[in-house]
file structure.txt (compact mmCIF, C-alpha atoms and all ligand atoms)
# COMPACT_ATOMS: atom_id res chain seq x y z
CA MET A 1 5.07 -53.87 53.16
CA ALA A 2 8.68 -52.76 52.72
CA LYS A 3 11.68 -53.61 54.89
CA ILE A 4 13.26 -50.34 56.01
CA PHE A 5 16.55 -50.01 57.89
CA ILE A 6 17.09 -46.70 59.72
CA THR A 7 20.49 -45.46 60.89
CA GLY A 8 20.87 -42.67 63.44
CA GLY A 9 17.57 -43.90 64.86
CA ASN A 10 17.87 -41.97 68.13
CA GLY A 11 18.31 -38.62 66.40
CA GLN A 12 15.59 -36.10 65.56
CA LEU A 13 14.80 -37.47 62.13
CA GLY A 14 15.57 -41.09 63.00
CA ARG A 15 12.94 -41.16 65.74
CA ALA A 16 10.31 -39.53 63.51
CA CYS A 17 11.07 -42.03 60.73
CA LYS A 18 10.71 -44.97 63.09
CA ARG A 19 7.35 -43.63 64.33
CA PHE A 20 5.89 -43.09 60.84
CA PHE A 21 7.38 -46.05 59.01
CA SER A 22 6.48 -48.64 61.67
CA LYS A 23 2.73 -48.22 61.03
CA ASN A 24 2.81 -50.05 57.69
CA HIS A 25 6.32 -51.39 57.24
CA GLN A 26 8.84 -53.70 58.81
CA VAL A 27 11.42 -51.44 60.42
CA VAL A 28 14.78 -51.94 62.05
CA SER A 29 16.09 -48.77 63.65
CA THR A 30 19.69 -48.58 64.88
CA ASP A 31 21.93 -45.94 66.38
CA ILE A 32 25.65 -46.02 67.10
CA GLN A 33 25.23 -48.52 69.98
CA GLU A 34 23.69 -51.12 67.66
CA MET A 35 25.44 -50.23 64.40
CA ASP A 36 28.23 -47.73 63.91
CA ILE A 37 28.02 -46.41 60.34
CA THR A 38 31.81 -46.07 60.22
CA ASN A 39 32.40 -49.74 61.05
CA SER A 40 32.14 -52.10 58.06
CA ASP A 41 31.80 -55.29 60.13
CA SER A 42 28.99 -53.79 62.16
CA ILE A 43 27.20 -52.65 58.97
CA LEU A 44 27.59 -55.98 57.18
CA LYS A 45 26.21 -57.85 60.16
CA ALA A 46 23.22 -55.57 60.87
CA ILE A 47 22.19 -54.94 57.27
CA GLY A 48 23.09 -58.46 56.14
CA ASP A 49 20.86 -59.95 58.85
CA PHE A 50 17.83 -57.79 57.94
CA LYS A 51 18.29 -57.50 54.12
CA PRO A 52 16.25 -54.32 53.80
CA ASP A 53 14.60 -52.90 50.69
CA TYR A 54 15.55 -49.39 51.86
CA ILE A 55 18.31 -47.95 54.01
CA VAL A 56 17.41 -44.49 55.35
CA ASN A 57 20.57 -42.83 56.62
CA CYS A 58 19.66 -40.38 59.37
CA ALA A 59 23.03 -40.75 61.12
CA ALA A 60 25.37 -37.81 60.80
CA TYR A 61 27.69 -35.39 62.52
CA THR A 62 25.35 -32.41 62.94
CA ALA A 63 27.14 -30.03 65.34
CA VAL A 64 27.72 -27.22 62.83
CA ASP A 65 29.97 -25.04 65.01
CA ARG A 66 31.86 -27.87 66.70
CA ALA A 67 32.70 -29.37 63.29
CA GLU A 68 35.05 -26.43 62.68
CA SER A 69 37.35 -27.85 65.38
CA GLU A 70 36.55 -31.54 64.76
CA PRO A 71 36.89 -31.85 60.97
CA ASP A 72 38.22 -35.42 61.05
CA LEU A 73 35.31 -36.71 63.09
CA ALA A 74 32.81 -34.80 60.91
CA TYR A 75 34.44 -36.38 57.83
CA ARG A 76 34.26 -39.87 59.30
CA LEU A 77 30.56 -39.60 60.07
CA ASN A 78 29.45 -37.56 57.06
CA VAL A 79 31.64 -39.09 54.34
CA VAL A 80 33.25 -42.38 55.41
CA GLY A 81 30.04 -43.68 57.03
CA PRO A 82 27.82 -42.92 54.00
CA SER A 83 30.39 -44.51 51.65
CA LYS A 84 30.24 -47.74 53.69
CA LEU A 85 26.43 -47.65 53.72
CA ALA A 86 26.41 -47.14 49.95
CA ALA A 87 28.66 -50.18 49.50
CA ALA A 88 26.35 -52.24 51.74
CA ALA A 89 23.31 -51.01 49.78
CA VAL A 90 24.92 -52.34 46.57
CA LEU A 91 25.88 -55.64 48.21
CA PHE A 92 22.43 -56.28 49.68
CA LYS A 93 20.48 -54.71 46.77
CA ALA A 94 18.82 -52.05 48.91
CA ARG A 95 17.86 -48.55 47.88
CA LEU A 96 19.75 -45.89 49.84
CA ILE A 97 18.01 -42.71 51.00
CA HIS A 98 20.67 -40.36 52.28
CA ILE A 99 19.92 -37.09 54.09
CA SER A 100 21.90 -33.93 53.40
CA THR A 101 21.58 -30.23 54.10
CA ASP A 102 20.90 -26.71 52.82
CA TYR A 103 24.34 -25.78 54.22
CA VAL A 104 25.99 -27.17 51.08
CA PHE A 105 25.21 -23.73 49.60
CA ASP A 106 27.23 -20.62 50.38
CA GLY A 107 24.07 -18.54 50.82
CA GLU A 108 25.33 -15.75 48.58
CA ARG A 109 22.14 -15.40 46.61
CA GLN A 110 19.70 -12.55 47.00
CA TYR A 111 16.72 -13.47 49.19
CA PRO A 112 13.99 -14.56 48.33
CA PHE A 113 15.47 -16.42 45.36
CA PRO A 114 15.78 -20.10 46.32
CA TRP A 115 18.47 -22.63 45.45
CA THR A 116 17.60 -25.46 43.06
CA GLU A 117 19.24 -28.87 42.72
CA GLU A 118 20.96 -27.59 39.57
CA ASP A 119 22.78 -24.81 41.42
CA GLU A 120 26.39 -25.31 42.26
CA ALA A 121 27.08 -26.12 45.89
CA ASN A 122 29.85 -24.13 47.55
CA PRO A 123 29.86 -24.85 51.27
CA LYS A 124 31.67 -22.46 53.58
CA THR A 125 31.75 -24.64 56.68
CA VAL A 126 33.37 -27.95 57.62
CA TYR A 127 29.90 -29.38 58.22
CA GLY A 128 28.68 -28.25 54.78
CA ARG A 129 31.80 -29.52 53.01
CA THR A 130 31.61 -32.95 54.64
CA LYS A 131 27.88 -33.22 53.86
CA LEU A 132 28.56 -32.33 50.21
CA ASP A 133 31.34 -34.92 50.01
CA GLY A 134 28.89 -37.40 51.55
CA GLU A 135 26.32 -36.66 48.84
CA ARG A 136 28.94 -37.21 46.15
CA VAL A 137 30.27 -40.42 47.61
CA VAL A 138 26.84 -42.09 47.74
CA LEU A 139 25.82 -40.87 44.28
CA ASN A 140 29.15 -41.97 42.79
CA THR A 141 29.17 -45.44 44.34
CA PHE A 142 28.89 -47.68 41.31
CA GLY A 143 25.61 -49.59 41.22
CA CYS A 144 24.10 -47.78 44.19
CA ASP A 145 20.42 -46.85 43.79
CA ALA A 146 20.78 -43.71 45.90
CA ILE A 147 18.78 -40.55 46.37
CA VAL A 148 19.97 -37.61 48.42
CA LEU A 149 17.36 -35.52 50.22
CA ARG A 150 18.50 -32.08 51.36
CA ALA A 151 16.74 -30.93 54.52
CA ALA A 152 17.05 -27.69 56.50
CA TRP A 153 16.57 -26.16 59.96
CA LEU A 154 15.23 -29.43 61.43
CA TYR A 155 13.32 -29.56 64.69
CA SER A 156 11.57 -32.33 66.59
CA PRO A 157 10.29 -33.00 70.10
CA THR A 158 13.52 -34.81 71.03
CA GLY A 159 17.22 -33.98 70.86
CA HIS A 160 18.83 -30.56 70.67
CA ASN A 161 17.30 -27.96 68.43
CA PHE A 162 16.78 -24.23 68.01
CA LEU A 163 13.21 -24.21 69.35
CA LYS A 164 14.25 -25.81 72.61
CA THR A 165 17.00 -23.23 72.96
CA MET A 166 14.38 -20.49 72.52
CA LEU A 167 12.19 -22.06 75.22
CA ARG A 168 15.16 -22.25 77.55
CA LEU A 169 15.93 -18.55 76.95
CA ALA A 170 12.29 -17.59 77.52
CA ALA A 171 12.04 -19.68 80.68
CA THR A 172 15.13 -18.06 82.20
CA SER A 173 14.30 -14.46 81.15
CA THR A 174 14.18 -11.66 83.68
CA ALA A 175 12.70 -8.17 83.19
CA ASP A 176 16.00 -6.82 81.80
CA SER A 177 16.90 -9.80 79.60
CA VAL A 178 17.56 -9.16 75.93
CA HIS A 179 17.82 -12.17 73.65
CA LYS A 180 19.26 -11.24 70.29
CA ILE A 181 18.20 -13.57 67.48
CA VAL A 182 19.63 -13.43 63.98
CA ASN A 183 17.26 -11.81 61.52
CA ASP A 184 19.32 -11.72 58.33
CA GLN A 185 19.71 -15.45 57.62
CA TYR A 186 16.88 -17.00 55.65
CA GLY A 187 15.91 -20.65 55.46
CA CYS A 188 13.14 -23.23 55.53
CA PRO A 189 12.33 -24.51 59.04
CA THR A 190 11.40 -28.16 58.62
CA SER A 191 9.67 -30.43 61.07
CA ALA A 192 11.26 -33.87 61.41
CA SER A 193 7.74 -35.39 61.34
CA GLU A 194 7.02 -33.72 58.01
CA LEU A 195 10.32 -34.92 56.60
CA ALA A 196 9.65 -38.47 57.79
CA LYS A 197 6.24 -38.31 56.09
CA GLN A 198 7.93 -37.03 52.93
CA ILE A 199 10.36 -39.96 52.93
CA LEU A 200 7.49 -42.38 53.45
CA TYR A 201 5.61 -40.92 50.47
CA ILE A 202 8.70 -41.40 48.33
CA ILE A 203 9.10 -45.01 49.49
CA GLU A 204 5.44 -45.77 48.90
CA SER A 205 5.22 -43.99 45.55
CA PRO A 206 4.81 -46.43 42.65
CA SER A 207 7.15 -44.27 40.54
CA TYR A 208 9.84 -43.74 43.23
CA LEU A 209 12.58 -41.21 42.29
CA ASP A 210 15.50 -41.38 39.89
CA ARG A 211 18.95 -41.41 41.42
CA GLY A 212 20.00 -37.84 42.28
CA VAL A 213 19.57 -34.94 44.66
CA TYR A 214 16.17 -33.58 45.80
CA HIS A 215 15.27 -30.67 48.04
CA THR A 216 12.87 -31.75 50.79
CA VAL A 217 11.90 -28.89 53.10
CA CYS A 218 8.71 -27.32 54.38
CA SER A 219 7.55 -24.67 51.95
CA GLY A 220 7.89 -20.95 52.60
CA SER A 221 10.87 -19.36 54.32
CA THR A 222 11.74 -17.11 57.22
CA THR A 223 14.56 -15.87 59.46
CA TRP A 224 15.69 -17.36 62.76
CA TYR A 225 14.15 -14.38 64.58
CA HIS A 226 10.72 -14.76 62.98
CA PHE A 227 10.86 -18.53 63.41
CA ALA A 228 11.61 -18.07 67.13
CA THR A 229 8.95 -15.45 67.81
CA ARG A 230 6.25 -17.26 65.83
CA PHE A 231 6.98 -20.39 67.86
CA LEU A 232 6.84 -18.55 71.19
CA GLU A 233 3.59 -16.80 70.19
CA LEU A 234 2.04 -20.16 69.36
CA MET A 235 3.20 -21.36 72.79
CA ASN A 236 1.57 -18.25 74.37
CA ILE A 237 4.94 -17.08 75.66
CA ASP A 238 5.88 -13.40 75.85
CA THR A 239 8.39 -12.46 73.12
CA SER A 240 9.23 -8.94 74.33
CA THR A 241 12.75 -9.91 75.46
CA PHE A 242 13.55 -11.33 71.98
CA LYS A 243 15.07 -8.78 69.61
CA PRO A 244 16.21 -9.11 66.00
CA CYS A 245 19.92 -8.75 65.30
CA ALA A 246 22.37 -9.02 62.40
CA THR A 247 24.69 -12.01 61.93
CA ALA A 248 27.63 -9.70 62.63
CA GLU A 249 26.31 -9.18 66.18
CA PHE A 250 26.23 -12.90 66.84
CA PRO A 251 29.54 -14.39 65.65
CA THR A 252 29.78 -18.19 65.57
CA PRO A 253 32.71 -20.50 64.65
CA ALA A 254 30.88 -21.66 61.49
CA LYS A 255 29.81 -19.01 58.97
CA ARG A 256 26.24 -19.96 58.13
CA PRO A 257 24.68 -19.21 54.72
CA ARG A 258 22.74 -15.93 54.55
CA ASN A 259 20.12 -17.36 52.22
CA SER A 260 19.76 -21.15 52.20
CA VAL A 261 16.14 -21.26 51.05
CA LEU A 262 15.59 -24.38 48.93
CA SER A 263 13.23 -24.76 45.98
CA THR A 264 11.13 -27.94 46.00
CA ASP A 265 10.01 -27.53 42.37
CA LYS A 266 11.94 -30.61 41.21
CA LEU A 267 9.98 -32.81 43.60
CA ALA A 268 6.67 -31.16 42.65
CA ALA A 269 7.45 -31.70 38.95
CA LYS A 270 7.68 -35.44 39.69
CA ASN A 271 4.14 -35.27 41.14
CA MET A 272 5.60 -36.16 44.49
CA TYR A 273 4.15 -34.97 47.80
CA VAL A 274 5.65 -31.64 48.86
CA MET A 275 5.61 -30.72 52.54
CA VAL A 276 3.21 -28.19 54.07
CA ASP A 277 4.40 -24.65 54.74
CA TRP A 278 6.65 -24.12 57.76
CA GLU A 279 4.02 -22.25 59.81
CA THR A 280 1.45 -25.02 59.47
CA ALA A 281 4.06 -27.61 60.43
CA LEU A 282 5.07 -25.46 63.40
CA LYS A 283 1.43 -25.13 64.56
CA ASN A 284 1.03 -28.90 64.34
CA TYR A 285 4.22 -29.36 66.34
CA VAL A 286 3.00 -27.00 69.07
CA ILE A 287 -0.41 -28.72 69.23
CA GLU A 288 1.12 -32.19 69.36
CA HIS A 289 4.30 -31.68 71.38
CA GLY A 290 4.32 -28.11 72.80
CA GLN A 291 3.45 -28.94 76.41
CA THR A 292 5.73 -31.97 76.64
CA VAL A 293 8.65 -30.12 75.14
CA TYR A 294 8.10 -27.19 77.50
CA LYS A 295 8.01 -29.52 80.52
CA ASP A 296 11.22 -31.23 79.32
CA VAL A 297 12.96 -27.88 78.97
CA LEU A 298 11.84 -26.73 82.43
CA ALA A 299 13.00 -30.02 83.93
CA SER A 300 16.44 -29.57 82.34
CA LEU A 301 17.04 -26.10 83.87
N1 LIG A 401 19.50 -30.70 62.49
C1 LIG A 401 19.32 -29.87 61.47
O1 LIG A 401 18.97 -28.71 61.63
C2 LIG A 401 19.56 -30.37 60.06
C3 LIG A 401 19.42 -29.46 59.00
C4 LIG A 401 19.62 -29.92 57.69
C5 LIG A 401 19.95 -31.24 57.46
N2 LIG A 401 20.10 -32.08 58.50
C6 LIG A 401 20.50 -33.48 58.22
O2 LIG A 401 19.41 -34.31 58.59
C7 LIG A 401 19.92 -35.57 59.06
C8 LIG A 401 19.30 -35.89 60.40
O3 LIG A 401 19.63 -34.82 61.29
P1 LIG A 401 19.17 -34.85 62.82
O4 LIG A 401 18.99 -33.44 63.26
O5 LIG A 401 18.09 -35.85 63.00
O6 LIG A 401 20.52 -35.40 63.47
P2 LIG A 401 20.78 -35.81 64.99
O7 LIG A 401 19.59 -35.52 65.84
O8 LIG A 401 22.11 -35.24 65.36
O9 LIG A 401 20.88 -37.40 64.87
C9 LIG A 401 21.99 -38.05 64.33
C10 LIG A 401 22.08 -39.39 65.02
O10 LIG A 401 23.20 -40.11 64.46
C11 LIG A 401 23.85 -40.74 65.55
N3 LIG A 401 25.21 -41.09 65.21
C12 LIG A 401 26.34 -40.37 65.40
N4 LIG A 401 27.40 -41.07 64.99
C13 LIG A 401 26.96 -42.26 64.56
C14 LIG A 401 27.59 -43.42 64.05
N5 LIG A 401 28.93 -43.49 63.89
N6 LIG A 401 26.83 -44.48 63.69
C15 LIG A 401 25.49 -44.45 63.86
N7 LIG A 401 24.82 -43.37 64.34
C16 LIG A 401 25.56 -42.30 64.69
C17 LIG A 401 23.78 -39.70 66.64
O11 LIG A 401 24.10 -40.25 67.89
P3 LIG A 401 24.74 -39.27 69.02
O12 LIG A 401 23.70 -38.25 69.33
O13 LIG A 401 25.03 -40.20 70.13
O14 LIG A 401 25.97 -38.66 68.40
C18 LIG A 401 22.34 -39.27 66.53
O15 LIG A 401 21.46 -40.12 67.24
C19 LIG A 401 21.43 -35.45 59.04
O16 LIG A 401 21.93 -35.99 57.85
C20 LIG A 401 21.67 -33.95 59.03
O17 LIG A 401 22.91 -33.61 58.42
C21 LIG A 401 19.91 -31.69 59.81

call {"tool": "encode", "arguments": {"input": "structure.txt", "output": "structure tokens", "more": "lines below"}}
Ligand SMILES: NC(=O)c1ccc[n+]([C@@H]2O[C@H](COP(=O)([O-])OP(=O)(O)OC[C@H]3O[C@@H](n4cnc5c(N)ncnc54)[C@H](OP(=O)(O)O)[C@@H]3O)[C@@H](O)[C@H]2O)c1
result
Amino acid sequence: MAKIFITGGNGQLGRACKRFFSKNHQVVSTDIQEMDITNSDSILKAIGDFKPDYIVNCAAYTAVDRAESEPDLAYRLNVVGPSKLAAAAVLFKARLIHISTDYVFDGERQYPFPWTEEDEANPKTVYGRTKLDGERVVLNTFGCDAIVLRAAWLYSPTGHNFLKTMLRLAATSTADSVHKIVNDQYGCPTSASELAKQILYIIESPSYLDRGVYHTVCSGSTTWYHFATRFLELMNIDTSTFKPCATAEFPTPAKRPRNSVLSTDKLAAKNMYVMVDWETALKNYVIEHGQTVYKDVLASL
């Protein structure tokens, strides 16, 4: 049984980690109310009291568009916080598992060719730049046994995510509604439950992983439009008001990568578990959480 300390425990991934890890391990899960990752005193107290074997950092600034106008806050949460956690991991001899993103890449690679861990990151957004700096700070902290897991297009039953937005659009559709969804950005939709399972496999693996960066996403890839319509079909919801569009028709403050598909070959080469394909994970999500999530969305209208 390992002692695992989760930060950002109320977020999408944090909740999934708590659920999966608690079955066989001793878990302390905190969010900003219990431990602010940018506050050294708060970190030293919480982590010093528990003395974990692993710190899984799920806390982050994740509002991709808002980050463009809040760069200082994004930097504090995505760089300063992780640097403090890395220092605490060294002090208390814990392994640090830090979560990063596909948005560290600029996306300027022809689809369907995926990005590997060897490829140079070149983020085009404040969010992506701060996440890349966060990766570097934990990997460069002297003496820190850190791995960085890059995730993508996360969804879960709780918190804000793309699938809930699609349900909200569907639920408020009228006969003349047209919902344009971007169909020229490619990525790997990844269920938070699958990612939590992936992290657990890594923790429980007798060989663990060498310090470094690893891509941890559901296999396969798709566009936002196909992701949305596949989800709604699985929910038995009419998709006729959903239409594909180009990125240019849907301008956002942050310029998202066109192709941020990640290769998981490095993980597979280590004989490590690799997540199921995105459609299987999505089906499982609909079976397990579809009705609850739909009710939550209706209640929020
Ligand atoms: N969401 C995606 O599509 C996606 C894609 C690729 C990678 N990732 C990465 O995956 C990881 C998990 O993402 P997620 O979607 O689970 O994020 P999330 O749902 O936004 O959860 C992040 C959690 O961190 C908390 N937090 C914020 N500031 C904090 C602080 N100073 N100290 C402690 N906790 C704090 C947040 O609280 P509040 O809600 O109160 O702010 C929230 O509960 C992140 O590293 C993210 O960059 C996410």

call {"tool": "residues_around", "arguments": {"input": "structure.txt", "residues": "Arg76 (chain A)", "least_positions_apart": "3", "cutoff": "10 Å", "atoms": "all atoms listed in the file", "output": "number ranges by chain"}}
result
A: 37-38, 60-61, 71-73, 79-83, 130, 134

call {"tool": "closest_atom_pairs", "arguments": {"input": "structure.txt", "of": "chain A", "to": "ligand LIG 401 (chain A)", "cutoff": "7 Å", "atoms": "all atoms listed in the file", "output": "Markdown table"}}
result
| residue | atom | partner | partner_atom | distance |
| --- | --- | --- | --- | --- |
| A:Thr7 | CA | A:LIG401 | C15 | 5.9 |
| A:Gly8 | CA | A:LIG401 | O10 | 3.6 |
| A:Gly9 | CA | A:LIG401 | O15 | 5.9 |
| A:Asn10 | CA | A:LIG401 | O15 | 4.1 |
| A:Gly11 | CA | A:LIG401 | O9 | 3.2 |
| A:Gln12 | CA | A:LIG401 | O5 | 3.6 |
| A:Leu13 | CA | A:LIG401 | O5 | 3.8 |
| A:Gly14 | CA | A:LIG401 | O5 | 5.8 |
| A:Asp31 | CA | A:LIG401 | N7 | 4.4 |
| A:Ile32 | CA | A:LIG401 | C15 | 3.6 |
| A:Met35 | CA | A:LIG401 | C15 | 5.8 |
| A:Asp36 | CA | A:LIG401 | N6 | 3.5 |
| A:Ile37 | CA | A:LIG401 | N6 | 4.0 |
| A:Thr38 | CA | A:LIG401 | N5 | 5.3 |
| A:Cys58 | CA | A:LIG401 | C8 | 4.6 |
| A:Ala59 | CA | A:LIG401 | O10 | 3.4 |
| A:Ala60 | CA | A:LIG401 | O10 | 4.8 |
| A:Tyr61 | CA | A:LIG401 | C12 | 5.9 |
| A:Thr62 | CA | A:LIG401 | O8 | 4.9 |
| A:Leu77 | CA | A:LIG401 | N5 | 5.7 |
| A:Gly81 | CA | A:LIG401 | N5 | 7.0 |
| A:Ile99 | CA | A:LIG401 | O16 | 4.4 |
| A:Ser100 | CA | A:LIG401 | O16 | 4.9 |
| A:Thr101 | CA | A:LIG401 | C5 | 3.9 |
| A:Asp102 | CA | A:LIG401 | C4 | 6.0 |
| A:Lys131 | CA | A:LIG401 | O17 | 6.8 |
| A:Arg150 | CA | A:LIG401 | C5 | 6.3 |
| A:Ala151 | CA | A:LIG401 | C5 | 4.4 |
| A:Ala152 | CA | A:LIG401 | C4 | 3.6 |
| A:Trp153 | CA | A:LIG401 | O1 | 3.9 |
| A:Leu154 | CA | A:LIG401 | O1 | 3.8 |
| A:Tyr155 | CA | A:LIG401 | O1 | 6.5 |
| A:Gly159 | CA | A:LIG401 | O7 | 5.8 |
| A:His160 | CA | A:LIG401 | O7 | 7.0 |
| A:Asn161 | CA | A:LIG401 | N1 | 6.9 |

call {"tool": "axis_aligned_box", "arguments": {"input": "structure.txt", "around": "region 78-91 of chain A", "padding_each_side": "5 Å", "output": "AutoDock Vina command-line options"}}
result
--center_x 28.3 --center_y -46.6 --center_z 51.8 --size_x 19.9 --size_y 28.1 --size_z 20.5

call {"tool": "atom_distance", "arguments": {"input": "structure.txt", "atom1": "CA of Gly220 (chain A)", "atom2": "CA of Val178 (chain A)"}}
result
27.9 Å

call {"tool": "closest_residue", "arguments": {"input": "structure.txt", "among": "A:Tyr186, A:Tyr201, A:Tyr75, A:Phe92", "to": "Ala246 (chain A)", "atoms": "all atoms listed in the file"}}
result
A:Tyr186
